[in-house]
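J.: What follows is my_file-v4.cif, made up of mmCIF, C-alpha atoms:
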```cif
data_entry
#
loop_
_atom_site.label_atom_id
_atom_site.label_comp_id
_atom_site.auth_asym_id
_atom_site.auth_seq_id
_atom_site.Cartn_x
_atom_site.Cartn_y
_atom_site.Cartn_z
CA MET A 35 0.00 0.00 0.00
CA LYS A 36 1.34 3.33 -1.03
CA HIS A 37 0.67 6.46 1.05
CA PRO A 38 0.49 9.90 -0.51
CA GLY A 39 3.55 12.01 0.04
CA LYS A 40 1.51 15.15 0.80
CA ILE A 41 -1.91 15.63 2.26
CA ARG A 42 -3.78 18.31 0.36
CA VAL A 43 -5.72 20.39 2.86
CA VAL A 44 -5.80 23.79 1.16
CA GLU A 45 -7.42 22.73 -2.15
CA PRO A 46 -10.83 21.78 -0.67
CA PHE A 47 -11.04 25.14 1.14
CA ILE A 48 -10.17 27.01 -2.07
CA ALA A 49 -12.83 25.03 -3.95
CA LEU A 50 -15.39 25.73 -1.22
CA GLY A 51 -14.52 29.46 -1.25
CA LEU A 52 -14.91 29.64 -5.04
CA PHE A 53 -18.22 27.77 -4.82
CA VAL A 54 -19.55 30.24 -2.23
CA ILE A 55 -18.48 33.22 -4.38
CA VAL A 56 -20.16 31.77 -7.49
CA VAL A 57 -23.38 31.01 -5.59
CA PHE A 58 -23.41 34.54 -4.10
CA TYR A 59 -22.89 36.07 -7.56
CA PHE A 60 -25.69 34.06 -9.20
CA ILE A 61 -28.14 34.70 -6.36
CA ASN A 62 -27.58 38.43 -6.89
CA VAL A 63 -28.00 38.03 -10.66
CA LEU A 64 -31.36 36.35 -10.06
CA ASN A 65 -32.35 38.98 -7.49
CA THR A 66 -31.38 42.04 -9.55
CA GLY A 67 -31.86 40.76 -13.08
CA ASN A 68 -28.49 42.32 -13.87
CA TRP A 69 -25.24 40.46 -14.68
CA GLY A 70 -23.13 43.53 -13.79
CA TRP A 71 -24.74 44.27 -10.40
CA PHE A 72 -21.37 44.47 -8.62
CA ARG A 73 -19.95 47.40 -10.62
CA ALA A 74 -21.96 50.24 -8.95
CA GLU A 75 -22.08 52.26 -12.15
CA THR A 76 -24.68 53.36 -14.65
CA VAL A 77 -24.77 52.58 -18.37
CA HIS A 78 -26.68 54.31 -21.22
CA VAL A 79 -26.96 57.67 -19.44
CA ARG A 80 -26.74 59.86 -22.53
CA PRO A 81 -30.21 61.45 -22.74
CA SER A 82 -31.96 62.17 -26.00
CA ARG A 83 -33.87 65.08 -24.45
CA ILE A 84 -33.48 67.14 -21.29
CA VAL A 85 -36.27 69.21 -19.78
CA ILE A 86 -35.33 71.84 -17.20
CA ILE A 87 -38.26 72.97 -15.09
CA ASP A 88 -37.34 76.16 -13.24
CA HIS A 89 -40.20 77.38 -11.04
CA GLY A 90 -42.81 76.77 -13.70
CA GLN A 91 -40.74 77.61 -16.79
CA LYS A 92 -39.87 74.63 -18.97
CA THR A 93 -36.82 74.62 -21.21
CA ILE A 94 -36.37 71.70 -23.58
CA ILE A 95 -32.79 70.93 -24.52
CA SER A 96 -32.22 68.40 -27.27
CA GLN A 97 -29.43 67.59 -29.69
CA GLY A 98 -28.40 70.68 -31.59
CA HIS A 99 -29.01 73.00 -28.63
CA PRO A 100 -25.75 74.71 -27.57
CA ASP A 101 -26.11 73.48 -23.96
CA PHE A 102 -26.91 69.88 -24.86
CA ILE A 103 -23.36 68.49 -25.08
CA PRO A 104 -21.97 70.13 -21.91
CA LEU A 105 -25.08 69.20 -19.94
CA SER A 106 -25.09 65.63 -21.29
CA ASP A 107 -21.41 65.23 -20.45
CA ALA A 108 -22.01 66.49 -16.91
CA LEU A 109 -25.00 64.20 -16.49
CA GLU A 110 -22.99 61.24 -17.74
CA SER A 111 -20.22 62.06 -15.27
CA SER A 112 -22.57 62.57 -12.31
CA LEU A 113 -24.76 59.55 -13.04
CA SER A 114 -21.95 57.13 -13.87
CA LYS A 115 -21.18 56.34 -10.21
CA LEU A 116 -23.79 55.64 -7.56
CA ASN A 117 -23.64 56.08 -3.80
CA ASN A 118 -26.07 53.33 -2.77
CA THR A 119 -26.48 49.59 -3.20
CA ASP A 120 -30.22 49.52 -2.59
CA LEU A 121 -33.00 51.88 -3.60
CA VAL A 122 -33.57 54.83 -1.29
CA ASN A 123 -37.06 54.53 0.25
CA VAL A 124 -38.51 57.75 -1.09
CA GLY A 125 -41.19 58.40 -3.67
CA LEU A 126 -42.83 61.25 -5.52
CA SER A 127 -46.31 62.16 -4.30
CA GLU A 128 -48.75 64.17 -6.37
CA GLN A 129 -48.01 67.18 -4.13
CA THR A 130 -44.25 66.83 -4.72
CA LEU A 131 -44.76 66.60 -8.48
CA ALA A 132 -46.98 69.70 -8.36
CA ASP A 133 -44.26 71.52 -6.39
CA TYR A 134 -41.71 70.44 -9.00
CA ASP A 135 -43.88 72.00 -11.71
CA ASP A 136 -44.27 75.35 -9.96
CA ASN A 137 -41.84 75.92 -7.07
CA SER A 138 -38.63 74.00 -7.76
CA LEU A 139 -35.75 73.47 -10.13
CA VAL A 140 -35.67 69.94 -11.53
CA LEU A 141 -34.26 68.10 -14.52
CA GLU A 142 -36.25 65.52 -16.43
CA LEU A 143 -34.12 63.28 -18.63
CA TYR A 144 -35.55 61.17 -21.44
CA PHE A 145 -33.73 58.27 -23.11
CA ASP A 146 -34.18 56.31 -26.33
CA LYS A 147 -33.18 53.06 -24.62
CA PRO A 148 -33.44 52.06 -20.94
CA VAL A 149 -30.82 53.21 -18.47
CA VAL A 150 -28.97 50.33 -16.79
CA PHE A 151 -28.08 50.84 -13.13
CA ASN A 152 -25.46 48.27 -12.17
CA THR A 153 -26.35 47.90 -8.51
CA MET A 154 -27.63 45.25 -6.11
CA ALA A 155 -31.13 46.78 -6.28
CA ARG A 156 -33.70 45.80 -8.87
CA THR A 157 -34.01 49.13 -10.68
CA GLY A 158 -36.13 48.12 -13.66
CA GLU A 159 -35.64 49.57 -17.13
CA PRO A 160 -36.25 53.30 -16.77
CA THR A 161 -36.43 55.49 -19.85
CA GLN A 162 -36.84 58.72 -17.89
CA LEU A 163 -35.06 60.14 -14.85
CA LEU A 164 -35.93 63.06 -12.62
CA ILE A 165 -33.25 64.95 -10.66
CA PRO A 166 -34.37 67.54 -8.09
CA ILE A 167 -31.88 70.44 -8.10
CA ASP A 168 -33.66 72.87 -5.78
CA GLY A 169 -36.74 72.14 -3.68
CA ARG A 170 -37.98 68.88 -2.16
CA HIS A 171 -35.44 66.03 -2.13
CA SER A 172 -32.75 68.27 -3.64
CA ASN A 173 -30.11 67.83 -0.98
CA GLY A 174 -29.75 64.04 -1.27
CA ASN A 175 -28.38 63.69 -4.83
CA TYR A 176 -31.50 61.62 -5.58
CA VAL A 177 -32.36 60.38 -9.03
CA PHE A 178 -35.92 59.14 -9.51
CA ARG A 179 -36.64 56.55 -12.19
CA GLY A 180 -39.64 56.09 -14.40
CA ALA A 181 -41.02 55.10 -17.78
CA GLN A 182 -43.97 55.98 -19.99
CA GLY A 183 -44.81 59.14 -18.05
CA GLU A 184 -44.94 57.42 -14.63
CA TRP A 185 -42.46 57.91 -11.78
CA TRP A 186 -41.56 54.84 -9.73
CA TYR A 187 -41.08 54.52 -6.00
CA GLY A 188 -37.45 54.42 -4.84
CA ALA A 189 -34.47 56.46 -5.92
CA VAL A 190 -30.80 55.94 -6.61
CA ARG A 191 -28.22 58.40 -5.35
CA MET A 192 -25.45 60.03 -7.39
CA ALA A 193 -22.03 59.70 -5.77
CA ASP A 194 -20.95 63.13 -7.01
CA SER A 195 -23.33 65.75 -8.38
CA ALA A 196 -20.64 68.46 -8.63
CA PRO A 197 -20.11 68.18 -12.45
CA LEU A 198 -23.86 68.55 -13.05
CA MET A 199 -24.25 71.41 -10.58
CA SER A 200 -21.28 73.24 -12.08
CA VAL A 201 -22.70 73.12 -15.61
CA LEU A 202 -26.13 74.21 -14.38
CA GLN A 203 -24.55 77.13 -12.56
CA ASN A 204 -22.68 78.10 -15.75
CA MET A 205 -26.03 78.00 -17.57
CA GLY A 206 -27.44 80.50 -15.05
CA TYR A 207 -29.41 78.15 -12.80
CA GLN A 208 -28.87 78.61 -9.08
CA ALA A 209 -29.55 75.93 -6.51
CA ALA A 210 -29.09 75.88 -2.78
CA THR A 211 -27.08 72.64 -3.09
CA VAL A 212 -24.65 73.67 -5.85
CA GLY A 213 -21.47 71.62 -5.57
CA GLN A 214 -22.74 69.55 -2.67
CA SER A 215 -22.22 65.85 -2.86
CA SER A 216 -23.58 63.74 -0.09
#
```
Translate the structure described by the file into structure tokens.

T.:
Amino acid sequence: MKHPGKIRVVEPFIALGLFVIVVFYFINVLNTGNWGWFRAETVHVRPSRIVIIDHGQKTIISQGHPDFIPLSDALESSLSKLNNTDLVNVGLSEQTLADYDDNSLVLELYFDKPVVFNTMARTGEPTQLLIPIDGRHSNGNYVFRGAQGEWWYGAVRMADSAPLMSVLQNMGYQAATVGQSS
């Protein structure tokens, strides 16, 4: 009878560790519906149309408008990294939406294809985003998601809104939270 020269103790623990990592990954894929959930970034954030609502005055900015490229670049920079792994438990009531129409500064972003939020939260396939700049919910870097004219419950949070706030300030829009990133 021949005895092995070395007892292999480490290999089963490595195999078990890899198995646990793979199971964890696939459980999160099933939970989020997103293969890239671990990256904490956003994809497809180049809007096709931007609506700025400033205390009742709407300005539509689309391709060809002189502010479209700088604003789109700033939005892409601010939205590319998120500061949360789950949705923030906040929604938009009818009263809040009415305030946004008349007494606030907000951005509404519209997309040709759904925005992909790579996060552990199930964020759906939003084709519109709403960012409060001044007024209710403006100091949390919140981004509300929606589609087909409806706003959904739960928000994601931008990690750094400074690029967006800087461009808005250069465009002449003032907000109480300019440059703040929370």

J.: Which residue is closest to A:Met199? Choose from A:Ile41, A:Leu143, A:Val63, A:Leu109 and count only C-alpha atoms.

T.: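 Using only C-alpha atoms, A:Met199 sits closest to A:Leu109.
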
J.: Point out the residue among A:Asn152, A:Thr130, A:Asn65, A:Asn118 with the least atom-to-atom distance to A:Tyr176, counting all atoms listed in the file.

T.: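 Nearest candidate to A:Tyr176 out of A:Asn152, A:Thr130, A:Asn65, A:Asn118: A:Asn118.
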
J.: Which residues, written as a list in words, have at least one atom at most 9 Å from A:Leu163, with only C-alpha atoms counted and residues fewer than 6 positions away on the same chain left out?

T.: Leu141, Glu142, Leu143, Tyr144, Phe145, Val149, Val177, Phe178, Arg179, Gly180, Ala181 and Trp185 of chain A

J.: Expressed in Å to a single decimal, how great is the separation between atom CA of A:Ile55 and atom CA of A:Val43?

T.: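 If I compute the distance from atom CA of A:Ile55 to atom CA of A:Val43, I get 19.5 Å.
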
J.: Applying 12 Å and only C-alpha atoms, which residues near A:Gln208 remain after dropping the ones on its own chain fewer than 5 positions away? List them as a PyMOL selection string.

T.: chain A and resi 88-89+138-140+167-169+198-203+213

J.: Tell me, in Å to one decimal, how far atom CA of A:Asp120 is from atom CA of A:Thr153.

T.: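 Separation between atom CA of A:Asp120 and atom CA of A:Thr153: 7.3 Å.
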
J.: Calculate how many Å separate atom CA of A:Val54 from atom CA of A:Glu159, rounding to one decimal.

T.: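 One can read the atom CA of A:Val54 to atom CA of A:Glu159 distance as 29.2 Å.
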
J.: Could you check which of A:Leu52, A:Ile103, A:Val44, A:Ala193 is closest to A:Lys115, using all atoms listed in the file?

T.: A:Ala193

J.: Which residues, named as in the file, does the PyMOL selection byres ((chain A and resi 81) around 9) pick out? Answer as a list in words.

T.: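 Listing what the PyMOL selection byres ((chain A and resi 81) around 9) selects in the shown file: His78, Val79, Arg80, Ser82, Arg83, Ile84, Ser96, Ser106, Leu109, Glu110, Leu143, Tyr144, Phe145, Asp146 and Gln162 of chain A.
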
J.: For A:Gly125, work out the shell of residues within 8 Å, counting all atoms listed in the file and skipping chain neighbours fewer than 6 positions away, then give it as JSON, numbers by chain.

T.: {"A": [178, 186, 187, 188, 189]}

J.: Selected by the PyMOL selection byres ((chain A and resi 119) around 9) in the shown coordinates: which residues, as an mmCIF file with C-alpha atoms, in the coordinates of the input?

T.:
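Writing done, so here's out.cif:
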```cif
data_model
loop_
_atom_site.group_PDB
_atom_site.id
_atom_site.type_symbol
_atom_site.label_atom_id
_atom_site.label_comp_id
_atom_site.auth_asym_id
_atom_site.auth_seq_id
_atom_site.Cartn_x
_atom_site.Cartn_y
_atom_site.Cartn_z
ATOM 1 C CA ALA A 74 -21.960 50.240 -8.950
ATOM 2 C CA LEU A 116 -23.790 55.640 -7.560
ATOM 3 C CA ASN A 117 -23.640 56.080 -3.800
ATOM 4 C CA ASN A 118 -26.070 53.330 -2.770
ATOM 5 C CA ASP A 120 -30.220 49.520 -2.590
ATOM 6 C CA LEU A 121 -33.000 51.880 -3.600
ATOM 7 C CA THR A 153 -26.350 47.900 -8.510
ATOM 8 C CA MET A 154 -27.630 45.250 -6.110
ATOM 9 C CA ALA A 155 -31.130 46.780 -6.280
ATOM 10 C CA VAL A 190 -30.800 55.940 -6.610
#
```

J.: Expanded to explicit residues, what is the PyMOL selection byres ((chain A and resi 174) around 9) for this file, as an NGL selection string?

T.: :A and (166 or 171-173 or 175-177 or 191-192 or 215-216)

J.: Which one of A:Pro104, A:Gly67, A:Pro160, A:Pro46 sits closest to A:Met205 if you count only C-alpha atoms?

T.: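 For A:Met205, the nearest of the given residues is A:Pro104.
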
J.: Considering all atoms listed in the file, return as a list in words whatever protein or nucleic-acid residues lie within 9 Å of A:Asp136, sequence-local ones (same chain, fewer than 4 positions apart) excluded.

T.: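 These residues fall inside the cut-off: Ile87, Asp88, His89, Gly90, Gln91, Leu131 and Ala132 of chain A.
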
J.: For each of A:Glu45, A:Val150, A:Leu105, A:Ile165, take the minimum atom-to-atom distance to A:Asn204, counting all atoms listed in the file, then give the residue where this is smallest.

T.: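 Ranking A:Glu45, A:Val150, A:Leu105, A:Ile165 by distance to A:Asn204, first place goes to A:Leu105.
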
J.: Considering all atoms listed in the file, can you say which of A:Gln97, A:Asn137, A:Ser127, A:Ser195 comes closest to A:Leu113?

T.: A:Ser195
